[in-house]
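Asks: Contents are mmCIF, C-alpha atoms and all ligand atoms; file name coords.cif:
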```
data_coords
#
loop_
_atom_site.group_PDB
_atom_site.id
_atom_site.type_symbol
_atom_site.label_atom_id
_atom_site.label_comp_id
_atom_site.auth_asym_id
_atom_site.auth_seq_id
_atom_site.Cartn_x
_atom_site.Cartn_y
_atom_site.Cartn_z
ATOM 1 C CA MET E 1 15.412 82.812 -36.186
ATOM 2 C CA THR E 2 12.885 82.270 -38.987
ATOM 3 C CA GLY E 3 9.231 81.376 -38.498
ATOM 4 C CA GLU E 4 9.595 77.768 -39.691
ATOM 5 C CA THR E 5 10.027 74.982 -37.140
ATOM 6 C CA LYS E 6 10.750 71.424 -38.269
ATOM 7 C CA LEU E 7 10.338 68.387 -36.067
ATOM 8 C CA LYS E 8 11.050 64.709 -36.581
ATOM 9 C CA ILE E 9 8.616 62.509 -34.687
ATOM 10 C CA VAL E 10 8.922 58.722 -34.835
ATOM 11 C CA ILE E 11 6.072 56.296 -34.090
ATOM 12 C CA PHE E 12 6.963 53.014 -32.385
ATOM 13 C CA GLY E 13 4.711 50.135 -31.415
ATOM 14 C CA ALA E 14 4.204 46.403 -31.698
ATOM 15 C CA PHE E 15 3.198 44.522 -34.853
ATOM 16 C CA GLY E 16 -0.241 45.630 -35.971
ATOM 17 C CA ALA E 17 -0.616 48.400 -33.368
ATOM 18 C CA GLY E 18 -1.793 50.804 -36.094
ATOM 19 C CA LYS E 19 1.311 52.911 -36.840
ATOM 20 C CA THR E 20 0.942 52.849 -40.630
ATOM 21 C CA THR E 21 -2.794 53.495 -40.364
ATOM 22 C CA MET E 22 -2.242 56.525 -38.160
ATOM 23 C CA ILE E 23 0.313 58.062 -40.524
ATOM 24 C CA ARG E 24 -1.998 57.423 -43.492
ATOM 25 C CA THR E 25 -4.846 59.104 -41.601
ATOM 26 C CA LEU E 26 -2.703 62.129 -40.773
ATOM 27 C CA ASP E 27 -1.223 62.418 -44.279
ATOM 28 C CA PRO E 28 -3.169 60.682 -47.054
ATOM 29 C CA GLY E 29 -0.166 61.280 -49.351
ATOM 30 C CA ALA E 30 2.238 59.415 -47.034
ATOM 31 C CA THR E 31 4.777 56.906 -48.384
ATOM 32 C CA HIS E 32 4.922 53.343 -47.068
ATOM 33 C CA ILE E 33 7.333 50.468 -47.571
ATOM 34 C CA GLU E 34 5.373 47.343 -46.776
ATOM 35 C CA ALA E 35 5.067 43.645 -47.554
ATOM 36 C CA ASN E 36 2.006 41.415 -47.665
ATOM 37 C CA CYS E 37 1.365 39.299 -44.610
ATOM 38 C CA ALA E 38 -1.472 37.166 -43.268
ATOM 39 C CA GLY E 39 -4.570 39.337 -43.230
ATOM 40 C CA GLY E 40 -2.991 42.514 -44.658
ATOM 41 C CA THR E 41 0.351 44.270 -44.895
ATOM 42 C CA THR E 42 3.277 44.865 -42.560
ATOM 43 C CA THR E 43 5.864 47.635 -42.592
ATOM 44 C CA VAL E 44 9.298 46.324 -43.562
ATOM 45 C CA ALA E 45 11.240 49.596 -43.626
ATOM 46 C CA LEU E 46 9.353 52.746 -42.766
ATOM 47 C CA ASP E 47 6.365 55.000 -43.256
ATOM 48 C CA PHE E 48 6.828 58.666 -43.974
ATOM 49 C CA GLY E 49 4.268 61.438 -43.784
ATOM 50 C CA ARG E 50 4.262 65.172 -43.328
ATOM 51 C CA ILE E 51 2.016 67.559 -41.443
ATOM 52 C CA GLN E 52 2.144 71.327 -41.839
ATOM 53 C CA LYS E 53 0.362 73.733 -39.552
ATOM 54 C CA ASP E 54 0.992 77.381 -38.676
ATOM 55 C CA GLY E 55 4.702 77.490 -39.551
ATOM 56 C CA LEU E 56 5.328 74.052 -38.032
ATOM 57 C CA THR E 57 6.364 71.105 -40.219
ATOM 58 C CA VAL E 58 6.274 67.673 -38.634
ATOM 59 C CA HIS E 59 8.121 64.884 -40.413
ATOM 60 C CA LEU E 60 6.398 61.773 -39.205
ATOM 61 C CA TYR E 61 8.130 58.402 -39.435
ATOM 62 C CA GLY E 62 6.581 55.023 -38.718
ATOM 63 C CA THR E 63 8.764 52.061 -37.754
ATOM 64 C CA PRO E 64 8.262 48.339 -38.438
ATOM 65 C CA GLY E 65 6.612 46.544 -35.512
ATOM 66 C CA GLN E 66 8.146 43.129 -36.124
ATOM 67 C CA GLU E 67 11.042 42.484 -33.758
ATOM 68 C CA ARG E 68 13.337 41.246 -36.547
ATOM 69 C CA PHE E 69 13.374 44.706 -38.147
ATOM 70 C CA GLY E 70 15.306 46.254 -35.271
ATOM 71 C CA PHE E 71 17.994 47.547 -37.643
ATOM 72 C CA ALA E 72 15.366 49.579 -39.533
ATOM 73 C CA ARG E 73 13.976 51.010 -36.275
ATOM 74 C CA GLU E 74 17.454 52.197 -35.307
ATOM 75 C CA ILE E 75 18.026 53.946 -38.621
ATOM 76 C CA VAL E 76 14.599 55.595 -38.618
ATOM 77 C CA ALA E 77 15.020 56.725 -34.990
ATOM 78 C CA ARG E 78 18.227 58.658 -35.584
ATOM 79 C CA GLY E 79 17.950 62.349 -34.805
ATOM 80 C CA MET E 80 14.341 62.212 -33.646
ATOM 81 C CA ASP E 81 12.994 65.148 -31.655
ATOM 82 C CA GLY E 82 10.217 63.119 -30.094
ATOM 83 C CA ALA E 83 8.669 59.654 -30.098
ATOM 84 C CA VAL E 84 5.173 58.195 -29.931
ATOM 85 C CA LEU E 85 4.569 54.722 -28.502
ATOM 86 C CA LEU E 86 1.363 53.405 -30.040
ATOM 87 C CA ILE E 87 -0.477 50.720 -28.092
ATOM 88 C CA ASP E 88 -3.375 48.537 -29.172
ATOM 89 C CA VAL E 89 -5.815 48.616 -26.257
ATOM 90 C CA SER E 90 -7.778 45.682 -27.641
ATOM 91 C CA SER E 91 -5.109 43.252 -26.426
ATOM 92 C CA PRO E 92 -2.899 43.080 -23.315
ATOM 93 C CA VAL E 93 0.459 44.894 -23.355
ATOM 94 C CA ASP E 94 3.079 42.485 -24.697
ATOM 95 C CA GLU E 95 6.763 42.001 -23.890
ATOM 96 C CA PHE E 96 7.948 43.820 -26.998
ATOM 97 C CA THR E 97 5.877 46.919 -26.212
ATOM 98 C CA ARG E 98 7.465 46.990 -22.746
ATOM 99 C CA HIS E 99 10.878 46.691 -24.364
ATOM 100 C CA LEU E 100 10.071 49.681 -26.618
ATOM 101 C CA SER E 101 8.926 51.670 -23.587
ATOM 102 C CA ASP E 102 12.197 50.907 -21.765
ATOM 103 C CA TYR E 103 14.208 51.771 -24.874
ATOM 104 C CA LEU E 104 12.467 55.140 -25.244
ATOM 105 C CA HIS E 105 12.951 56.001 -21.580
ATOM 106 C CA GLY E 106 16.644 55.118 -21.970
ATOM 107 C CA ALA E 107 16.973 57.114 -25.195
ATOM 108 C CA GLN E 108 16.191 60.280 -23.234
ATOM 109 C CA VAL E 109 13.872 61.505 -25.934
ATOM 110 C CA PRO E 110 10.543 63.154 -25.103
ATOM 111 C CA PHE E 111 7.866 60.545 -25.664
ATOM 112 C CA VAL E 112 4.158 60.136 -25.375
ATOM 113 C CA VAL E 113 1.909 57.080 -25.343
ATOM 114 C CA PHE E 114 -1.087 56.959 -27.690
ATOM 115 C CA LEU E 115 -3.639 54.280 -26.897
ATOM 116 C CA ASN E 116 -5.136 53.044 -30.173
ATOM 117 C CA ARG E 117 -8.444 51.421 -31.181
ATOM 118 C CA CYS E 118 -10.247 53.279 -28.429
ATOM 119 C CA GLU E 119 -13.356 53.346 -30.643
ATOM 120 C CA ASN E 120 -13.751 49.580 -30.176
ATOM 121 C CA THR E 121 -16.466 48.461 -27.811
ATOM 122 C CA GLY E 122 -15.439 46.613 -24.671
ATOM 123 C CA VAL E 123 -11.970 48.171 -24.406
ATOM 124 C CA HIS E 124 -10.686 49.794 -21.209
ATOM 125 C CA PRO E 125 -8.072 52.469 -22.008
ATOM 126 C CA ASP E 126 -7.983 53.569 -18.343
ATOM 127 C CA ALA E 127 -6.396 50.236 -17.420
ATOM 128 C CA PHE E 128 -3.252 51.286 -19.327
ATOM 129 C CA SER E 129 -2.512 54.477 -17.442
ATOM 130 C CA GLY E 130 0.542 54.356 -15.197
ATOM 131 C CA GLN E 131 2.054 51.400 -17.078
ATOM 132 C CA PHE E 132 4.587 53.503 -18.969
ATOM 133 C CA GLY E 133 6.236 55.635 -16.337
ATOM 134 C CA SER E 134 5.623 59.339 -16.287
ATOM 135 C CA SER E 135 5.114 59.818 -20.025
ATOM 136 C CA GLY E 136 1.959 61.531 -21.223
ATOM 137 C CA ILE E 137 -0.849 59.268 -22.380
ATOM 138 C CA ARG E 138 -3.667 59.932 -24.815
ATOM 139 C CA ALA E 139 -6.570 57.840 -26.106
ATOM 140 C CA VAL E 140 -7.042 57.906 -29.895
ATOM 141 C CA SER E 141 -8.296 55.922 -32.828
ATOM 142 C CA ALA E 142 -5.867 55.689 -35.740
ATOM 143 C CA VAL E 143 -8.776 55.933 -38.175
ATOM 144 C CA ASP E 144 -10.050 59.243 -36.745
ATOM 145 C CA ARG E 145 -8.231 62.139 -38.397
ATOM 146 C CA GLN E 146 -9.287 64.827 -35.928
ATOM 147 C CA GLN E 147 -8.269 62.805 -32.875
ATOM 148 C CA CYS E 148 -4.898 61.885 -34.382
ATOM 149 C CA MET E 149 -4.217 65.459 -35.469
ATOM 150 C CA ASP E 150 -5.130 66.917 -32.062
ATOM 151 C CA ALA E 151 -2.992 64.390 -30.203
ATOM 152 C CA LEU E 152 0.005 64.764 -32.503
ATOM 153 C CA LEU E 153 -0.057 68.561 -32.595
ATOM 154 C CA GLU E 154 -0.453 68.744 -28.826
ATOM 155 C CA PHE E 155 2.687 66.600 -28.440
ATOM 156 C CA ALA E 156 4.532 68.615 -31.118
ATOM 157 C CA ALA E 157 3.741 71.820 -29.216
ATOM 158 C CA THR E 158 5.496 70.444 -26.125
ATOM 159 C CA LEU E 159 8.567 69.783 -28.289
ATOM 160 C CA THR E 160 8.682 73.234 -29.883
ATOM 161 C CA SER E 161 8.454 74.907 -26.491
ATOM 162 C CA ARG E 162 11.379 72.757 -25.273
ATOM 163 C CA SER E 163 13.531 73.440 -28.321
ATOM 164 C CA ARG E 164 12.831 77.165 -28.565
ATOM 165 C CA GLY E 165 16.114 79.011 -28.481
ATOM 166 C CA HIS E 166 18.155 75.935 -29.462
ATOM 167 C CA HIS E 167 17.510 76.077 -33.230
HETATM 168 N N1 LIG X 201 -10.785 49.599 -36.194
HETATM 169 C C1 LIG X 201 -9.521 50.004 -36.207
HETATM 170 N N2 LIG X 201 -8.637 49.317 -36.947
HETATM 171 C C2 LIG X 201 -7.362 49.735 -36.930
HETATM 172 C C3 LIG X 201 -6.959 50.874 -36.166
HETATM 173 N N3 LIG X 201 -5.629 51.032 -36.331
HETATM 174 C C4 LIG X 201 -5.221 50.050 -37.155
HETATM 175 N N4 LIG X 201 -6.255 49.267 -37.537
HETATM 176 C C5 LIG X 201 -6.178 48.085 -38.426
HETATM 177 O O1 LIG X 201 -5.207 47.196 -37.902
HETATM 178 C C6 LIG X 201 -4.443 46.577 -38.923
HETATM 179 C C7 LIG X 201 -2.953 46.820 -38.700
HETATM 180 O O2 LIG X 201 -2.691 48.220 -38.788
HETATM 181 P P1 LIG X 201 -1.297 48.815 -39.313
HETATM 182 O O3 LIG X 201 -1.487 50.285 -39.358
HETATM 183 O O4 LIG X 201 -0.826 48.121 -40.535
HETATM 184 O O5 LIG X 201 -0.350 48.426 -38.093
HETATM 185 P P2 LIG X 201 1.219 48.693 -37.951
HETATM 186 O O6 LIG X 201 1.422 49.086 -36.529
HETATM 187 O O7 LIG X 201 1.700 49.632 -38.981
HETATM 188 O O8 LIG X 201 1.810 47.234 -38.200
HETATM 189 P P3 LIG X 201 3.340 46.803 -38.564
HETATM 190 O O9 LIG X 201 3.843 47.751 -39.578
HETATM 191 O O10 LIG X 201 3.208 45.395 -39.085
HETATM 192 O O11 LIG X 201 4.083 46.838 -37.277
HETATM 193 C C8 LIG X 201 -4.956 47.174 -40.231
HETATM 194 O O12 LIG X 201 -5.876 46.258 -40.783
HETATM 195 C C9 LIG X 201 -5.662 48.438 -39.810
HETATM 196 O O13 LIG X 201 -6.708 48.773 -40.685
HETATM 197 C C10 LIG X 201 -7.963 51.576 -35.395
HETATM 198 O O14 LIG X 201 -7.722 52.565 -34.700
HETATM 199 N N5 LIG X 201 -9.217 51.090 -35.445
HETATM 200 MG MG MG X 202 3.185 49.478 -40.290
#
```
Can you present the structure in this file as structure tokens?
Ligand SMILES: Nc1nc2c(ncn2[C@@H]2O[C@H](COP(=O)(O)OP(=O)(O)OP(=O)(O)O)[C@@H](O)[C@H]2O)c(=O)[nH]1
Ligand SMILES: [Mg+2]

Replies:
Amino acid sequence: MTGETKLKIVIFGAFGAGKTTMIRTLDPGATHIEANCAGGTTTVALDFGRIQKDGLTVHLYGTPGQERFGFAREIVARGMDGAVLLIDVSSPVDEFTRHLSDYLHGAQVPFVVFLNRCENTGVHPDAFSGQFGSSGIRAVSAVDRQQCMDALLEFAATLTSRSRGHH
């Protein structure tokens, strides 16, 4: 066994939840395939970024949040070691986010919930706990590099301890 561990982590979440922003924050050199939409851009295929830390390489993929890009989500999800469900706490949990949560539970992949936009005033991240089964939950802001890095590496560490001995 060599010292290098590679992980594929895929970020899911509804339209505009902040997936692309989070990957850009974690890896300023990340690649994005997007289209213009009202008020900004939307991911039409994927985001890809990379994080390297202490012999660990995380390949980070972002999925499109629009429901009609389900085929792209399936392709991007293949072979993932872990998943992040990103939730915008500034609006109520929608049907599609619940669908993603059910899908990830069914996929039997380790997954964690990141609550986004927690820096906004008047939001109540605590109200979201317990809504996504037994998965871990963490409050972040996709524009805060330190918070995103801590949350992602903490999740990655749970995956490397699970996979130790299998690779
Ligand atoms: N203030 C603040 N704005 C955010 C945060 N995360 C995302 N945004 C903004 O929200 C908008 C949508 O963010 P994106 O990162 O494009 O969202 P997405 O989940 O990739 O969206 P799709 O690819 O369309 O599903 C952008 O204008 C971001 O700048 C955050 O944590 N705080
Ligand atoms: Mg996006």

Asks: Could you please extract the residues within 9 Å of ligand LIG 201 (chain X), counting all atoms listed in the file, and hand them back as an MDAnalysis selection string?

Replies: chainID E and resid 11:24 34:35 37 39:47 62:67 86:88 115:120 140:144

Asks: Translate the PyMOL selection byres (((chain E and resi 102-109) around 12) and not hetatm), as applied to the file shown, into an explicit residue set as a PyMOL selection string.

Replies: chain E and resi 8-13+70+73-74+77-85+95-101+110-113+131-135+159+162

Asks: Can you translate the PyMOL selection byres (((chain E and resi 153) around 12) and not hetatm) into the concrete residues it hits in this file, as number ranges by chain?

Replies: E: 7, 9, 26, 51-54, 56-60, 82, 84, 112, 145-152, 154-160

Asks: What is the distance between atom CA of E:Ser90 and atom CA of E:Phe71, in Å to one decimal?

Replies: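 Separation between atom CA of E:Ser90 and atom CA of E:Phe71: 27.7 Å.
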
Asks: How many Å lie between atom CA of E:Ala30 and atom CA of E:Arg50, rounded to one decimal?

Replies: 7.1 Å

Asks: Considering all atoms listed in the file, state which residue in the set E:Ile137, E:Ile33, E:Ala127, E:Ile75 is at the smallest distance from ligand MG 202 (chain X).

Replies: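 When distances to ligand MG 202 (chain X) are compared using all atoms listed in the file, the smallest one comes from E:Ile33.
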
Asks: Compare E:Ala72, E:Ser129, E:Asp27, E:Tyr61 by their minimum atom-to-atom distance to E:Val93, counting all atoms listed in the file, and give me the closest one.

Replies: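 Using all atoms listed in the file, the shortest distance to E:Val93 belongs to E:Ser129.
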
Asks: Do you have the atom CA of E:His32-atom MG of ligand MG 202 (chain X) distance handy?

Replies: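 Interatomic distance here is 8.0 Å.
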
Asks: Here is a test: counting all atoms listed in the file, which residue of E:Glu4, E:Phe69, E:Phe114, E:Asp94 is nearest to ligand MG 202 (chain X)?

Replies: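 Closest residue, counting all atoms listed in the file: E:Phe69.
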
Asks: Which residue out of E:Pro125, E:Gly29, E:Asn36, E:Thr5 has the minimum interatomic distance to ligand MG 202 (chain X) when all atoms listed in the file are used?

Replies: E:Asn36
